[in-house]
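Colleague: Supplied in structure tokens, the structure appears directly below.
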Amino acid sequence: MSLKDGNYNVVAKGYLKDRVPLTITIKNHKIAKITPKVAFSKGGLQDTVYTQLSNQIIAQQNTDVDAISGATYSSHGLREAVNQVLQEAGQNDVKKVAAKEVPNQDWLVEAVKPHDDDYSEWRAVPKKIDQTYDTDFLIIGGGISGLAAAVQAGEDHMNVTVIDKNDFVAGNGGGVEGIFGINSSMQKKAGIHADPEKIISQEMKLAQYRPDGSFWVDLVNNSAANIEWLLKQGVQLTKVDDYHGTCQFPTFHWFKGGVAATGYVPYMKKRADELGVNFILGTKATSIIYEDGRVKGIYAKNKDGNLKINAKAVLLATGGVGHNASLIAKQGWQTKNLHFLSMPSTTGDGYQMAMSVGAKDMLQESPEFMMNYIQALPMHRLANLSNDPISGLRSVPAGFSAIFVNQNGRRFVNENISKLNLLNQRMPIKSVKAAYEIFTKDIYLKITQSLPDADPEAEKILEESVKTNRGNSLYKEDTIEALAKDFDLPVDNLVKTIQNYNKYCHNGRDEEFNKDQSQLVAMDQGPYYIARLDPSNLIGVGGIGSNNDFEVIDDDFNKIPGLYVSGMDSTMQYRNVYTITLGGSACSHNVNSGRHAAMNAKKYIATL
């Protein structure tokens, strides 16, 4: 049966809450045009999917095409939308989109073992080379720092090549909301002033004085110049504030549209193209070339086969280890039920290449952007980490007026520590076998209704979540004794814990952990709720040792010639916990490290 001509309106589903309205035109009984009704940032994930994949579908006149690398959900959603139109237009034998390409879940069910520290595969030489490239400066990763390095190197008239395993640039950085800066022109215009030394002092204090503070001095003192440089490149910044009141200083510069995918990536990609930077996308680095005591390039792989890329200097900007469970386990984090919010491409490739040539291993001292989540609560809400009034970073899983107990049914921390740093909520859980949150409906509503955009359906959502109970993670009971049995906790211990806690609440004094009096809410009556707190990770922050010039170093602090590191592969200023109280500092580090790695690589190349 031939297709019926016409314009068909349909909505394509993407990742989490992403929805893209389309008009698909059937002309002369063929798929003629696939037109999104929304504008996309040039070169970004959605632009790539709805340009490249749409063209392939039109060329083949079916949806039996491969997903865009790094955009499996959006690719799947587009193909399903086209199939829906084909059926409406009269095609009865539409081939079902292969569901196997879309993961059934975004979290691990079983724990994984820590990585065994054997990185020899990252030195392997392919048996056959299909293509060879030569470049001065090779950048592995086209995210925030990779793009900054590319533009800086282009401005410095270097021959630059960028590879990325995704078919688009942005990486994990597309969702970044803004960047830290102190005493920038935007702040001065807004009448905002801050003393750099006070910020540096506070960050060192929060890190227990463990980092080399000179990394903070460089980052803070370069921050204003970096922002002015970004504005010069065309990056769009809209305002400066304290990021929803969570930052100790008003130093957060917002990207246009609230995300880097809109305000940063398209402008930096365009500028890199203008400067002649060569991008090879859909290409995964597979091993590093280390000869005669220095790094000389990499081997990579893409749809065309095995590549050898000869380079005078190599920059690792692969986005950290946030989607590699075995490396996360190496850091001591629990991985059972681990939920990933990171891009699937951030599997620690840069870290593993660096380790294979003897780099200083900083992974066990580096932080993850790890937070709590409750499987039973609506998962789609995790797309909005900061403001979601049910599942978000500042909502129910963070604690506050609820209490946390360990596998022995005992409290083990002040549940209000998130007020100091939102990522504190997960840190103490590294030291227990399992953690559970106990609350009443009053406490649940106190937390959820205190946040911006409070959900009027909050109570209904809780009851529905108990009924569906995804992951067997949330229960409701009339007694504490019954609550304990849901997770096989010692009944006597849990009863005593609740009795003691209620006494502290009535007396207005937490005699165990000095919790703020305003957060002491007694649980005298049921029903009671108990939830298992599982780990959810957004990004890995660091892992590779470097000096202040962003040269990779070995255990004796000697530089490894020809190898540089930037972005989330390198964060020497953090230790164990990401101090999110200085909002946008990670993004600021990405830009700063990318720029200065490129500057210093140019100096190194001049000596060869």
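By order in the structure tokens, chains are A, B, ...; within a chain, residues start at 1; ligands start at 1, following the order shown.
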Select from range 233-296 of chain A every residue with an atom at most 12 Å from any atom of range 129-138 of chain A, then for each give the shortest pair of atoms and their distance in Å to one decimal, using only C-alpha atoms, rows by chain and rising number, as JSON lines.
Modeller:
```
{"residue": "A:Val277", "atom": "CA", "partner": "A:Phe137", "partner_atom": "CA", "distance": 10.1}
{"residue": "A:Asn278", "atom": "CA", "partner": "A:Thr135", "partner_atom": "CA", "distance": 9.4}
{"residue": "A:Phe279", "atom": "CA", "partner": "A:Leu138", "partner_atom": "CA", "distance": 10.1}
{"residue": "A:Ile280", "atom": "CA", "partner": "A:Tyr133", "partner_atom": "CA", "distance": 10.5}
{"residue": "A:Ala285", "atom": "CA", "partner": "A:Leu138", "partner_atom": "CA", "distance": 11.1}
{"residue": "A:Ile288", "atom": "CA", "partner": "A:Leu138", "partner_atom": "CA", "distance": 11.6}
{"residue": "A:Val295", "atom": "CA", "partner": "A:Leu138", "partner_atom": "CA", "distance": 11.0}
{"residue": "A:Lys296", "atom": "CA", "partner": "A:Leu138", "partner_atom": "CA", "distance": 9.8}
```
Colleague: Considering only C-alpha atoms, return as a list in words whatever protein or nucleic-acid residues lie within 12 Å of Leu445 in chain A, sequence-local ones (same chain, fewer than 6 positions apart) excluded.
Modeller: Pro389, Ile390, Ser395, Val396, Phe400, Ser401, Ala402, Phe439, Leu451, Ala454, Asp455, Pro456, Glu457, Ala458, Glu459, Lys460, Ile461, Leu462 and Val521 of chain A
Colleague: Go ahead and compute the interatomic distance for CA of Leu341 in chain A and CA of Leu53 in chain A, in Å to one decimal.
Modeller: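 Between CA of Leu341 in chain A and CA of Leu53 in chain A the gap works out to 24.2 Å.
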Colleague: So, with only C-alpha atoms as the atoms that count, which of A:Ser2, A:Ser287, A:Ser356, A:Asn537 lies closest to Leu108 in chain A?
Modeller: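 Distance minimum relative to Leu108 in chain A lands on A:Asn537.
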Colleague: Using only C-alpha atoms, which protein or nucleic acid residues come within 9 Å of range 317-320 of chain A? Drop anything in the same chain fewer than 3 positions from it, and give the result as a PyMOL selection string.
Modeller: chain A and resi 139-146+164+171-173+323+345-351+539-543+564-570+590+594
Colleague: How would the residues just picked look written out with C-alpha atoms as a tab-separated table (two decimals), in the first residue's frame?
Modeller:
```
chain	number	residue	atom	x	y	z
A	139	ILE	CA	42.28	17.05	22.03
A	140	ILE	CA	40.35	13.97	23.16
A	141	GLY	CA	36.86	15.17	24.07
A	142	GLY	CA	34.69	17.99	22.77
A	143	GLY	CA	32.99	19.12	25.96
A	144	ILE	CA	33.36	22.39	27.88
A	145	SER	CA	37.13	22.11	28.39
A	146	GLY	CA	37.86	20.47	25.04
A	164	ASP	CA	34.92	12.73	20.44
A	171	GLY	CA	29.67	15.81	26.14
A	172	ASN	CA	28.56	15.94	29.76
A	173	GLY	CA	28.84	19.73	29.69
A	323	HIS	CA	29.70	6.45	33.93
A	345	SER	CA	30.34	8.43	27.04
A	346	THR	CA	32.07	9.48	30.28
A	347	THR	CA	33.66	6.12	31.02
A	348	GLY	CA	37.06	7.27	32.22
A	349	ASP	CA	38.92	6.79	28.93
A	350	GLY	CA	41.32	9.65	29.67
A	351	TYR	CA	41.99	8.39	33.18
A	539	ILE	CA	29.75	13.45	37.03
A	540	GLY	CA	33.15	12.24	38.12
A	541	VAL	CA	35.42	15.05	39.20
A	542	GLY	CA	39.12	14.36	38.66
A	543	GLY	CA	41.42	11.37	38.82
A	564	TYR	CA	48.09	17.29	29.17
A	565	VAL	CA	44.82	17.04	31.07
A	566	SER	CA	41.83	19.33	31.56
A	567	GLY	CA	38.22	19.50	32.68
A	568	MET	CA	36.70	16.72	34.73
A	569	ASP	CA	39.70	14.48	34.08
A	570	SER	CA	41.77	16.90	36.18
A	590	ASN	CA	37.01	23.35	32.67
A	594	GLY	CA	41.44	23.85	28.70
```
